[in-house]
Protein chains: 2
Amino acid sequence: MECLPGYDVLYFGDTARTPYGSKSPSTVIKYAIENTEFLLSKGAQAVVLACNTASSVAPDILRRRYDIPFFEVISPAAEMAVQSSPKGRIGIIGTRATVASGVYEAVIKKLRPEYRVFASACPLLVPLVEEGWLNRPETAMIVKKYLRPLKSKQIDTLILGCTHYPLLADLIQAKIGRRVRVIDSSKGAANKLRNLIEQDADFQKCLNREGRYRFFVSDTTPQFESIARSILKRPIQLETYAS
Amino acid sequence: MECLPGYDVLYFGDTARTPYGSKSPSTVIKYAIENTEFLLSKGAQAVVLACNTASSVAPDILRRRYDIPFFEVISPAAEMAVQSSPKGRIGIIGTRATVASGVYEAVIKKLRPEYRVFASACPLLVPLVEEGWLNRPETAMIVKKYLRPLKSKQIDTLILGCTHYPLLADLIQAKIGRRVRVIDSSKGAANKLRNLIEQDADFQKCLNREGRYRFFVSDTTPQFESIARSILKRPIQLETYAS
């Protein structure tokens with residue numbers, strides 16, 4: 001919405017089946033296909049997989065199945081990390097599924113085979129963010145514990161490999177140390193989409209620009225509505241689609 | 001398995017869509033119906049809703065739809081709590097959905113209208129248990145924080161209103177204080193099922209007693225397999241059924 005003002009946005013949050021980070025690849029792929037079918041049925045012309053777990057296992061399969069552009073959040077973050085890492089020592093934090101996929105390591109090694117990559121799964125951070133425990137001492141202790149192995153490897157760059165983690169960015173920066181550059185994996189994907197739109201006139205023409213935003217979720221709870229409002233800083237109307 | 005040795009058991013864990021405790025009632029009911037259909041297709045003659053969240057919203061609807069006995073975990077725990085509470089001050093901890101349903105309060109007030117009931121939602125305990133963080137200082141801090149409002153109400157009995165919490169029973173007992181009786185909500189349901197079997201000869205006759213156990217899950221991860229083995233203390237073979 002910030003990066004491409006005026007373009008229509010269809011959002012689907014699979015709130016009924018969240019979190020994805022503890023699921024197996026085959027289940028995440030199955031859900032990613034179902035979610036794509038839903039967005040296509042609502043008229044989507046391009047899809048951003050705004051979830052590191054889905055981005056880590058589903059893009060190749062989705063691209064083979066559907067003839068629209070798919071954007072994932074991993075390659076852009078890996079590219080930004082590689083450019084900002086003078087020592088070539090990059091850390092990654094993510095869900096269990098994202099870390100197990102090894103996809104960040106693969107993308108970084110392809111760009112810079114000599115770089116060292118260290119990953120740490122942080123499965124409790126998503127529930128802590130969902131609870132809104134952003135400034136609690138318990139959260140600080142847990143973040144510190146998760147970052148310890150990366151700190152001991154003397155990384156100079158840290159990728160926040162999960163869409164929830166930017167909400168903990170200040171805490172993570174404090175615990176990993178001020179000299180480590182922290183990379184948010186979400187912004188790169190939006191920029192890539194903007195680049196495609198700017199470079200491809202035919203693609204641009206097929207996109208709606210009525211500034212219409214629709215937010216679909218597969219389950220509605222008061223907790224989710226309040227978190228969505230605090231992140232988007234605007235009143236939103238949620239529509240329910242049972243996945 | 002301990003309470004009714006020899007009887008066949010079909011287990012279905014909806015691991016793909018877990019946790020239920022943060023979902024809305026309508027989604028939990030929809031999933032409970034789908035899960036029941038699956039168990040019926042495998043030959044179930046009675047169903048135990050071994051989940052407080054599902055027990056708090058789904059039993060009435062399931063009983064209207066299906067002509068087999070359903071057992072939930074809430075009434076038996078409420079009955080045990082009422083019998084063990086000399087002061088009539090009962091605390092309940094559970095997921096957000098279970099606490100929001102108010103079902104424990106309703107059942108206890110029906111048994112003893114003069115009793116006082118205090119509930120505290122503990123949404124982070126399920127993720128902590130799933131991570132196996134049973135003896136960590138962070139878990140102790142979080143449990144203490146969740147129990148503080150109940151402690152200040154001087155409860156004499158505490159219901160563990162979620163199937164995950166008995167794994168934290170020692171920690172919870174230590175934090176709530178030795179004089180508070182802690183009630184595990186799971187054992188009562190198994191006892192109720194045994195009572196029905198012992199009292200109803202026709203029902204007993206329709207049950208298989210080949211000692212056959214089948215464990216179905218909707219998603220398999222190495223994490224789940226290791227937790228299941230540590231709880232059941234036996235090697236198990238998981239079968240996958242995509243819900």
# chains A, B, ... in the order shown; residues from 1 in each chain; ligands from 1
$ interface_residues --of "chain A" --to "chain B" --cutoff "7 Å" --atoms "only C-alpha atoms" --output "PyMOL selection string"
chain A and resi 16-17+23-24+27+124+127+138+219-221
$ calpha_fit_and_write --fixed "chain A" --moving "chain B" --output "short mmCIF file (atom, residue, chain, number, x, y, z; two decimals) with C-alpha atoms, in the first residue's frame"
data_model
loop_
_atom_site.label_atom_id
_atom_site.label_comp_id
_atom_site.auth_asym_id
_atom_site.auth_seq_id
_atom_site.Cartn_x
_atom_site.Cartn_y
_atom_site.Cartn_z
CA MET B 1 -0.01 0.02 -0.01
CA GLU B 2 2.89 2.41 0.75
CA CYS B 3 5.06 1.22 -2.13
CA LEU B 4 2.36 1.16 -4.82
CA PRO B 5 -0.24 3.75 -3.84
CA GLY B 6 -3.46 3.61 -5.82
CA TYR B 7 -3.17 -0.02 -6.89
CA ASP B 8 -5.92 -2.41 -5.78
CA VAL B 9 -4.83 -4.87 -3.11
CA LEU B 10 -6.47 -8.18 -2.23
CA TYR B 11 -5.20 -9.60 1.06
CA PHE B 12 -5.83 -13.11 2.30
CA GLY B 13 -4.72 -14.11 5.80
CA ASP B 14 -5.17 -17.79 6.58
CA THR B 15 -5.96 -17.04 10.22
CA ALA B 16 -7.88 -20.31 10.72
CA ARG B 17 -4.81 -22.42 9.94
CA THR B 18 -2.04 -20.16 11.19
CA PRO B 19 0.83 -20.64 12.07
CA TYR B 20 2.51 -22.13 8.99
CA GLY B 21 6.01 -22.19 10.51
CA SER B 22 5.52 -25.48 12.35
CA LYS B 23 3.90 -27.35 9.44
CA SER B 24 5.50 -29.76 6.98
CA PRO B 25 6.41 -28.61 3.43
CA SER B 26 3.62 -30.69 1.83
CA THR B 27 0.94 -29.10 4.02
CA VAL B 28 2.27 -25.57 3.42
CA ILE B 29 2.32 -26.20 -0.35
CA LYS B 30 -1.25 -27.55 -0.28
CA TYR B 31 -2.46 -24.48 1.61
CA ALA B 32 -0.49 -22.11 -0.66
CA ILE B 33 -2.23 -23.61 -3.70
CA GLU B 34 -5.68 -23.28 -2.06
CA ASN B 35 -4.94 -19.68 -1.06
CA THR B 36 -3.75 -18.84 -4.59
CA GLU B 37 -6.92 -20.34 -6.10
CA PHE B 38 -8.94 -18.10 -3.80
CA LEU B 39 -7.02 -14.94 -4.75
CA LEU B 40 -7.31 -15.81 -8.46
CA SER B 41 -11.07 -16.26 -8.02
CA LYS B 42 -11.17 -12.69 -6.68
CA GLY B 43 -9.26 -11.37 -9.69
CA ALA B 44 -5.60 -11.28 -8.55
CA GLN B 45 -3.13 -10.55 -11.39
CA ALA B 46 0.02 -11.14 -9.34
CA VAL B 47 0.59 -12.79 -5.97
CA VAL B 48 3.01 -11.84 -3.21
CA LEU B 49 3.76 -14.74 -0.85
CA ALA B 50 4.05 -12.45 2.16
CA CYS B 51 5.16 -15.31 4.41
CA ASN B 52 8.68 -16.66 4.68
CA THR B 53 7.52 -20.22 5.35
CA ALA B 54 5.34 -20.32 2.22
CA SER B 55 8.10 -18.50 0.28
CA SER B 56 10.60 -21.16 1.32
CA VAL B 57 8.73 -24.13 -0.16
CA ALA B 58 5.92 -23.08 -2.54
CA PRO B 59 7.05 -20.60 -5.29
CA ASP B 60 8.39 -23.11 -7.84
CA ILE B 61 5.24 -25.23 -7.71
CA LEU B 62 2.97 -22.17 -7.92
CA ARG B 63 4.87 -20.78 -10.92
CA ARG B 64 4.53 -24.08 -12.76
CA ARG B 65 0.78 -24.22 -12.06
CA TYR B 66 -0.27 -20.62 -12.69
CA ASP B 67 0.57 -18.18 -15.44
CA ILE B 68 0.88 -15.03 -13.33
CA PRO B 69 3.89 -13.50 -11.55
CA PHE B 70 4.63 -14.72 -8.02
CA PHE B 71 6.83 -12.74 -5.65
CA GLU B 72 8.45 -14.30 -2.62
CA VAL B 73 10.15 -12.59 0.29
CA ILE B 74 13.36 -14.62 0.48
CA SER B 75 15.45 -13.69 -2.59
CA PRO B 76 15.05 -9.92 -2.11
CA ALA B 77 16.11 -10.19 1.54
CA ALA B 78 19.06 -12.42 0.63
CA GLU B 79 20.18 -9.90 -2.01
CA MET B 80 19.95 -7.01 0.45
CA ALA B 81 21.88 -9.01 3.04
CA VAL B 82 24.67 -9.92 0.63
CA GLN B 83 25.11 -6.27 -0.34
CA SER B 84 25.32 -5.13 3.27
CA SER B 85 27.69 -7.77 4.60
CA PRO B 86 31.34 -6.66 4.40
CA LYS B 87 32.62 -9.67 6.37
CA GLY B 88 30.41 -12.18 4.55
CA ARG B 89 28.92 -13.60 7.75
CA ILE B 90 25.11 -13.60 7.57
CA GLY B 91 22.67 -14.77 10.22
CA ILE B 92 19.07 -15.82 9.62
CA ILE B 93 16.25 -16.19 12.10
CA GLY B 94 12.97 -17.77 11.05
CA THR B 95 10.37 -20.39 11.82
CA ARG B 96 11.30 -24.02 12.15
CA ALA B 97 9.99 -24.72 8.61
CA THR B 98 11.88 -21.83 6.98
CA VAL B 99 15.16 -22.75 8.66
CA ALA B 100 14.72 -26.46 7.86
CA SER B 101 14.16 -25.64 4.18
CA GLY B 102 17.70 -24.22 3.92
CA VAL B 103 16.47 -21.86 1.22
CA TYR B 104 18.17 -18.71 2.54
CA GLU B 105 21.54 -20.50 2.61
CA ALA B 106 20.95 -21.79 -0.94
CA VAL B 107 20.09 -18.33 -2.32
CA ILE B 108 23.00 -16.60 -0.55
CA LYS B 109 25.52 -19.29 -1.57
CA LYS B 110 24.38 -18.91 -5.18
CA LEU B 111 25.08 -15.15 -5.00
CA ARG B 112 28.31 -15.44 -2.96
CA PRO B 113 29.64 -19.00 -2.60
CA GLU B 114 32.31 -17.86 -0.14
CA TYR B 115 29.87 -16.32 2.36
CA ARG B 116 29.17 -18.04 5.67
CA VAL B 117 25.51 -18.44 6.64
CA PHE B 118 24.19 -19.29 10.13
CA ALA B 119 20.52 -19.97 10.87
CA SER B 120 18.56 -20.18 14.10
CA ALA B 121 14.93 -21.34 14.35
CA CYS B 122 12.87 -19.14 16.71
CA PRO B 123 9.50 -20.91 16.99
CA LEU B 124 8.24 -18.96 20.01
CA LEU B 125 8.57 -15.50 18.46
CA VAL B 126 5.40 -15.77 16.36
CA PRO B 127 3.18 -16.64 19.37
CA LEU B 128 4.83 -13.83 21.39
CA VAL B 129 4.14 -11.30 18.64
CA GLU B 130 0.58 -12.58 18.20
CA GLU B 131 0.08 -12.00 21.93
CA GLY B 132 1.40 -8.46 21.57
CA TRP B 133 4.19 -9.22 24.09
CA LEU B 134 6.59 -6.92 22.25
CA ASN B 135 8.16 -5.18 25.25
CA ARG B 136 8.00 -7.84 27.95
CA PRO B 137 11.05 -9.09 29.84
CA GLU B 138 10.15 -12.70 28.97
CA THR B 139 10.28 -11.84 25.27
CA ALA B 140 13.66 -10.14 25.73
CA MET B 141 15.02 -13.26 27.46
CA ILE B 142 13.74 -15.55 24.72
CA VAL B 143 15.09 -13.33 21.92
CA LYS B 144 18.49 -13.23 23.66
CA LYS B 145 18.54 -17.03 23.95
CA TYR B 146 17.66 -17.50 20.27
CA LEU B 147 20.30 -14.99 19.12
CA ARG B 148 23.13 -16.35 21.27
CA PRO B 149 24.40 -18.94 18.72
CA LEU B 150 24.39 -16.30 15.95
CA LYS B 151 26.19 -13.76 18.12
CA SER B 152 28.93 -16.26 18.89
CA LYS B 153 29.46 -16.66 15.12
CA GLN B 154 30.16 -12.91 14.85
CA ILE B 155 27.66 -12.25 12.07
CA ASP B 156 27.65 -8.74 10.58
CA THR B 157 24.15 -8.98 9.03
CA LEU B 158 20.94 -10.56 10.33
CA ILE B 159 17.92 -11.39 8.17
CA LEU B 160 14.53 -11.26 9.92
CA GLY B 161 13.24 -14.31 8.05
CA CYS B 162 9.62 -14.18 9.19
CA THR B 163 6.99 -11.54 8.59
CA HIS B 164 6.23 -11.28 12.31
CA TYR B 165 9.77 -10.40 13.39
CA PRO B 166 9.94 -6.76 12.21
CA LEU B 167 7.56 -5.99 15.10
CA LEU B 168 10.43 -7.09 17.38
CA ALA B 169 13.12 -5.28 15.34
CA ASP B 170 14.19 -2.87 18.11
CA LEU B 171 14.56 -5.65 20.64
CA ILE B 172 16.41 -7.88 18.16
CA GLN B 173 18.74 -5.02 17.22
CA ALA B 174 19.50 -4.37 20.89
CA LYS B 175 20.22 -8.03 21.63
CA ILE B 176 22.31 -8.80 18.53
CA GLY B 177 24.29 -5.57 18.93
CA ARG B 178 24.29 -2.19 17.21
CA ARG B 179 27.00 -3.13 14.72
CA VAL B 180 24.94 -5.87 13.06
CA ARG B 181 22.77 -4.74 10.17
CA VAL B 182 19.23 -6.07 10.52
CA ILE B 183 17.37 -6.80 7.27
CA ASP B 184 13.57 -6.83 7.05
CA SER B 185 12.49 -9.49 4.55
CA SER B 186 9.19 -7.84 3.64
CA LYS B 187 10.21 -4.63 1.89
CA GLY B 188 12.23 -6.28 -0.88
CA ALA B 189 9.25 -8.18 -2.27
CA ALA B 190 7.15 -5.02 -2.55
CA ASN B 191 10.03 -3.28 -4.35
CA LYS B 192 10.39 -6.19 -6.80
CA LEU B 193 6.69 -5.97 -7.61
CA ARG B 194 7.00 -2.21 -8.18
CA ASN B 195 10.00 -2.76 -10.46
CA LEU B 196 8.05 -5.23 -12.59
CA ILE B 197 5.11 -2.83 -12.84
CA GLU B 198 7.38 0.05 -13.86
CA GLN B 199 9.23 -2.02 -16.46
CA ASP B 200 6.37 -3.99 -18.01
CA ALA B 201 3.75 -1.76 -19.62
CA ASP B 202 1.50 -4.68 -20.61
CA PHE B 203 1.46 -5.98 -17.05
CA GLN B 204 0.78 -2.49 -15.71
CA LYS B 205 -2.20 -2.15 -18.04
CA CYS B 206 -3.94 -5.25 -16.67
CA LEU B 207 -3.84 -3.98 -13.06
CA ASN B 208 -6.71 -2.15 -11.41
CA ARG B 209 -5.92 1.26 -9.94
CA GLU B 210 -9.05 2.19 -8.08
CA GLY B 211 -7.26 2.17 -4.72
CA ARG B 212 -9.57 -0.59 -3.51
CA TYR B 213 -8.37 -2.69 -0.60
CA ARG B 214 -10.08 -5.94 0.43
CA PHE B 215 -8.95 -7.92 3.47
CA PHE B 216 -10.03 -11.56 3.62
CA VAL B 217 -9.34 -13.89 6.54
CA SER B 218 -10.29 -17.53 7.06
CA ASP B 219 -11.24 -16.92 10.70
CA THR B 220 -12.11 -13.77 12.62
CA THR B 221 -11.31 -13.24 16.28
CA PRO B 222 -11.34 -9.96 18.26
CA GLN B 223 -7.60 -10.55 18.92
CA PHE B 224 -6.82 -10.58 15.19
CA GLU B 225 -8.87 -7.48 14.44
CA SER B 226 -7.07 -5.47 17.09
CA ILE B 227 -3.61 -6.59 15.87
CA ALA B 228 -4.52 -5.84 12.24
CA ARG B 229 -5.65 -2.34 13.18
CA SER B 230 -2.51 -1.64 15.18
CA ILE B 231 -0.25 -2.74 12.30
CA LEU B 232 -2.15 -1.00 9.48
CA LYS B 233 -2.95 2.08 11.54
CA ARG B 234 -6.33 2.44 9.85
CA PRO B 235 -9.81 1.02 10.37
CA ILE B 236 -10.26 -2.07 8.22
CA GLN B 237 -13.21 -4.22 7.29
CA LEU B 238 -12.47 -7.93 7.39
CA GLU B 239 -14.31 -10.33 5.09
CA THR B 240 -14.41 -14.00 5.99
CA TYR B 241 -13.60 -16.79 3.57
CA ALA B 242 -13.58 -20.29 5.08
CA SER B 243 -10.51 -22.04 3.69
#
$ select_by_dssp --residues "stretch 200-243 of chain B" --states "strand (DSSP E)" --output "PyMOL selection string"
chain B and resi 213-217+238-240
$ select_by_dssp --residues "stretch 24-201 of chain B" --states "alpha helix (DSSP H)" --output "PyMOL selection string"
chain B and resi 25-41+52-57+59-65+74-83+96-101+103-111+125-130+137-152+169-176+185-199+201
